[in-house]
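Student: CSV, C-alpha atoms, file run.csv:
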chain,number,residue,atom,x,y,z
A,1,MET,CA,0.0,0.0,0.0
A,2,ALA,CA,2.8,2.4,0.8
A,3,GLY,CA,4.1,4.5,-2.0
A,4,THR,CA,1.6,3.3,-4.6
A,5,THR,CA,-1.1,5.3,-6.2
A,6,ASN,CA,-4.7,4.0,-6.2
A,7,PHE,CA,-6.0,5.3,-9.5
A,8,PRO,CA,-6.2,2.5,-12.1
A,9,SER,CA,-5.1,4.5,-15.0
A,10,ASN,CA,-2.7,7.0,-13.5
A,11,SER,CA,0.1,6.4,-15.9
A,12,PHE,CA,-0.7,9.5,-17.9
A,13,MET,CA,-0.8,11.7,-14.7
A,14,LYS,CA,2.2,13.3,-13.1
A,15,GLU,CA,3.2,12.3,-9.6
A,16,GLN,CA,0.8,13.7,-6.9
A,17,ASN,CA,2.2,15.8,-4.1
A,18,PHE,CA,1.2,18.6,-1.8
A,19,LYS,CA,1.4,21.3,-4.5
A,20,ASN,CA,-0.8,19.5,-7.0
A,21,HIS,CA,-3.1,17.3,-5.0
A,22,THR,CA,-6.3,19.4,-5.3
A,23,GLN,CA,-8.4,18.4,-8.3
A,24,MET,CA,-10.6,20.6,-10.3
A,25,VAL,CA,-13.1,19.3,-12.8
A,26,PRO,CA,-13.3,22.0,-15.4
A,27,GLY,CA,-16.8,21.1,-16.7
A,28,TYR,CA,-18.2,21.4,-13.1
A,29,HIS,CA,-16.0,24.0,-11.4
A,30,TYR,CA,-15.6,26.4,-14.3
A,31,PHE,CA,-18.0,25.8,-17.1
A,32,THR,CA,-21.2,25.0,-15.2
A,33,SER,CA,-20.6,27.5,-12.4
A,34,GLY,CA,-19.8,30.1,-15.1
A,35,LEU,CA,-23.0,29.4,-17.0
A,36,ILE,CA,-25.1,29.7,-13.8
A,37,LEU,CA,-23.4,33.0,-13.0
A,38,ILE,CA,-24.1,34.3,-16.5
A,39,LEU,CA,-27.7,33.2,-16.1
A,40,LEU,CA,-28.0,35.0,-12.8
A,41,VAL,CA,-26.6,38.2,-14.1
A,42,GLY,CA,-28.8,38.0,-17.2
A,43,ALA,CA,-31.9,37.4,-15.0
A,44,ILE,CA,-31.1,40.4,-12.8
A,45,ILE,CA,-30.6,42.6,-15.8
A,46,ASN,CA,-33.9,41.4,-17.2
A,47,VAL,CA,-35.7,42.4,-14.0
A,48,PHE,CA,-34.5,46.0,-14.3
A,49,THR,CA,-35.2,46.3,-18.1
A,50,VAL,CA,-38.6,44.6,-18.6
A,51,PRO,CA,-41.8,46.6,-18.8
A,52,ARG,CA,-43.6,46.8,-15.5
A,53,GLU,CA,-46.3,44.3,-16.5
A,54,GLN,CA,-43.7,41.6,-17.0
A,55,ILE,CA,-41.9,42.2,-13.7
A,56,PHE,CA,-43.5,39.1,-12.0
A,57,THR,CA,-42.3,36.8,-14.8
A,58,ALA,CA,-38.8,38.4,-14.8
A,59,THR,CA,-38.6,37.9,-11.0
A,60,LEU,CA,-39.6,34.3,-11.3
A,61,LEU,CA,-36.9,33.8,-13.9
A,62,CYS,CA,-34.4,35.1,-11.3
A,63,LEU,CA,-35.3,32.1,-9.1
A,64,ILE,CA,-33.9,29.6,-11.7
A,65,PRO,CA,-30.2,30.6,-11.2
A,66,VAL,CA,-30.8,30.8,-7.5
A,67,ILE,CA,-32.2,27.3,-7.5
A,68,LEU,CA,-29.3,26.1,-9.7
A,69,ILE,CA,-26.7,27.7,-7.4
A,70,SER,CA,-28.3,25.8,-4.5
A,71,LEU,CA,-28.3,22.5,-6.4
A,72,PHE,CA,-24.7,23.1,-7.5
A,73,TRP,CA,-23.6,23.8,-4.0
A,74,TYR,CA,-25.4,21.0,-2.2
A,75,ALA,CA,-24.5,18.4,-4.9
A,76,ARG,CA,-20.9,19.2,-4.1
A,77,VAL,CA,-21.3,19.3,-0.3
A,78,PHE,CA,-23.2,16.0,-0.2
A,79,ALA,CA,-20.7,14.2,-2.4
A,80,LEU,CA,-17.8,15.5,-0.2
A,81,LYS,CA,-19.6,14.4,3.0
A,82,ALA,CA,-19.9,10.9,1.5
A,83,GLN,CA,-16.3,10.8,0.5
A,84,ASP,CA,-15.3,12.1,3.9
A,85,ARG,CA,-17.1,9.2,5.6
A,86,ALA,CA,-15.4,6.7,3.3
A,87,ILE,CA,-12.0,8.2,3.9
A,88,ARG,CA,-12.6,8.2,7.7
A,89,ALA,CA,-13.5,4.5,7.5
A,90,GLU,CA,-10.6,3.6,5.2
A,91,GLU,CA,-8.1,5.4,7.4
A,92,ASN,CA,-9.4,4.0,10.6
A,93,LEU,CA,-9.1,0.5,9.1
A,94,ARG,CA,-5.6,1.2,7.8
A,95,TYR,CA,-4.5,2.5,11.2
A,96,PHE,CA,-6.1,-0.5,12.9
A,97,VAL,CA,-4.3,-2.9,10.6
A,98,LEU,CA,-1.0,-1.2,11.4
A,99,THR,CA,-1.5,-0.8,15.2
A,100,GLY,CA,-4.4,-2.9,16.4
A,101,LYS,CA,-6.1,0.3,17.6
A,102,THR,CA,-8.5,2.8,16.1
A,103,LEU,CA,-7.4,6.3,15.2
A,104,PRO,CA,-6.7,8.6,18.1
A,105,ALA,CA,-10.0,10.0,19.4
A,106,GLY,CA,-9.0,13.7,19.1
A,107,LEU,CA,-8.5,13.7,15.4
A,108,ARG,CA,-10.9,15.9,13.4
A,109,ILE,CA,-12.2,14.8,10.0
A,110,SER,CA,-10.0,17.3,8.2
A,111,GLN,CA,-7.0,15.8,9.9
A,112,ILE,CA,-8.0,12.3,8.9
A,113,ILE,CA,-8.6,13.4,5.3
A,114,ALA,CA,-5.1,14.9,5.3
A,115,LEU,CA,-3.6,11.7,6.8
A,116,ARG,CA,-4.8,9.7,3.8
A,117,PHE,CA,-1.8,11.0,1.9
A,118,ALA,CA,0.7,9.5,4.4
A,119,PRO,CA,2.2,6.1,3.5
A,120,ASP,CA,1.9,3.3,6.1
A,121,ASN,CA,5.3,3.9,7.6
A,122,GLU,CA,4.5,7.5,8.3
A,123,LEU,CA,0.8,7.2,9.2
A,124,VAL,CA,1.0,6.1,12.8
A,125,GLY,CA,3.5,8.7,14.0
A,126,LEU,CA,1.9,11.5,12.1
A,127,ALA,CA,-1.6,10.6,13.3
A,128,GLU,CA,-0.4,10.6,16.9
A,129,LYS,CA,1.4,13.9,16.4
A,130,ALA,CA,-1.6,15.4,14.7
A,131,ALA,CA,-3.9,14.5,17.6
A,132,GLN,CA,-1.5,15.6,20.3
A,133,GLU,CA,-0.5,18.9,18.7
A,134,LYS,CA,-3.9,19.5,17.0
A,135,LEU,CA,-2.1,20.1,13.7
A,136,PRO,CA,-4.1,21.7,10.9
A,137,ALA,CA,-4.6,19.6,7.8
A,138,LYS,CA,-2.2,21.7,5.8
A,139,SER,CA,0.6,21.1,8.3
A,140,ILE,CA,-0.1,17.4,8.2
A,141,LYS,CA,0.1,17.3,4.5
A,142,MET,CA,3.3,19.3,4.5
A,143,ALA,CA,4.9,16.9,7.1
A,144,ILE,CA,4.4,13.9,4.8
A,145,ILE,CA,7.8,12.8,3.3
A,146,ASN,CA,6.7,10.2,0.8
A,147,TRP,CA,3.3,11.3,-0.6
A,148,LYS,CA,0.7,8.6,-1.2
A,149,ALA,CA,-1.5,9.7,-4.0
A,150,ASP,CA,-5.3,9.8,-3.9
A,151,TRP,CA,-6.8,10.2,-7.4
A,152,TYR,CA,-10.3,9.4,-6.4
A,153,ARG,CA,-11.4,12.4,-4.4
A,154,VAL,CA,-12.4,15.5,-6.5
Rewrite the structure from the file as structure tokens, please.
Tutor:
Amino acid sequence: MAGTTNFPSNSFMKEQNFKNHTQMVPGYHYFTSGLILILLVGAIINVFTVPREQIFTATLLCLIPVILISLFWYARVFALKAQDRAIRAEENLRYFVLTGKTLPAGLRISQIIALRFAPDNELVGLAEKAAQEKLPAKSIKMAIINWKADWYRV
């Protein structure tokens, strides 16, 4: 498990590390959010330019981008929560296999998520240090010497 990547077709990707581990999906993060923003701006402009008798319809049209923004936001949050739960379970199991104990109780989910990048030989010490010193996720990631890639979380 240590030192390997877990993405089946990662041969075309460069090595993952602290500087490049965040993943953006252009179609979701840029294209879709940009279109929703354009729709919102257009709907607001429409409200201020339509004749008075059409203001109700124009106002209702403003609800469409607001609803889409809400859907866009919650779709992302719900997916991340599900991924966070899976990561917590995976890392707890990995720690248990290595130590016979569960992860230290004081670890926050953000710390556990950061620990997923630590290889097996660094996980135990780093987890204990993170719990004792209440290290932020960024510090945990920066302390990892041999980065273990995670290509699944976006």
Student: How many Å lie between atom CA of Pro65 of chain A and atom CA of Leu40 of chain A, rounded to one decimal?
Tutor: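 Calculated distance between atom CA of Pro65 of chain A and atom CA of Leu40 of chain A is 5.2 Å.
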Student: Neighbouring residues of segment 119-127 of chain A were defined as those with any atom within 12 Å, considering all atoms listed in the file; residues of the same chain fewer than 4 positions away were excluded. Please report them as number ranges by chain.
Tutor: A: 1-5, 91-115, 131-137, 139-150
Student: Enter the distance from atom CA of Ile36 of chain A to atom CA of Ser70 of chain A, in Å, rounded to one decimal.
Tutor: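 Separating atom CA of Ile36 of chain A from atom CA of Ser70 of chain A is a distance of 10.6 Å.
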Student: What is the atom CA of Leu37 of chain A to atom CA of Thr59 of chain A distance in Å?
Tutor: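 Calculated distance between atom CA of Leu37 of chain A and atom CA of Thr59 of chain A is 16.1 Å.
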Student: Quick one: residues within 12 Å of Ile67 of chain A, all atoms listed in the file counted, chain neighbours fewer than 4 positions away excluded, as a PyMOL selection string?
Tutor: chain A and resi 36-37+39-40+60-63+71-74
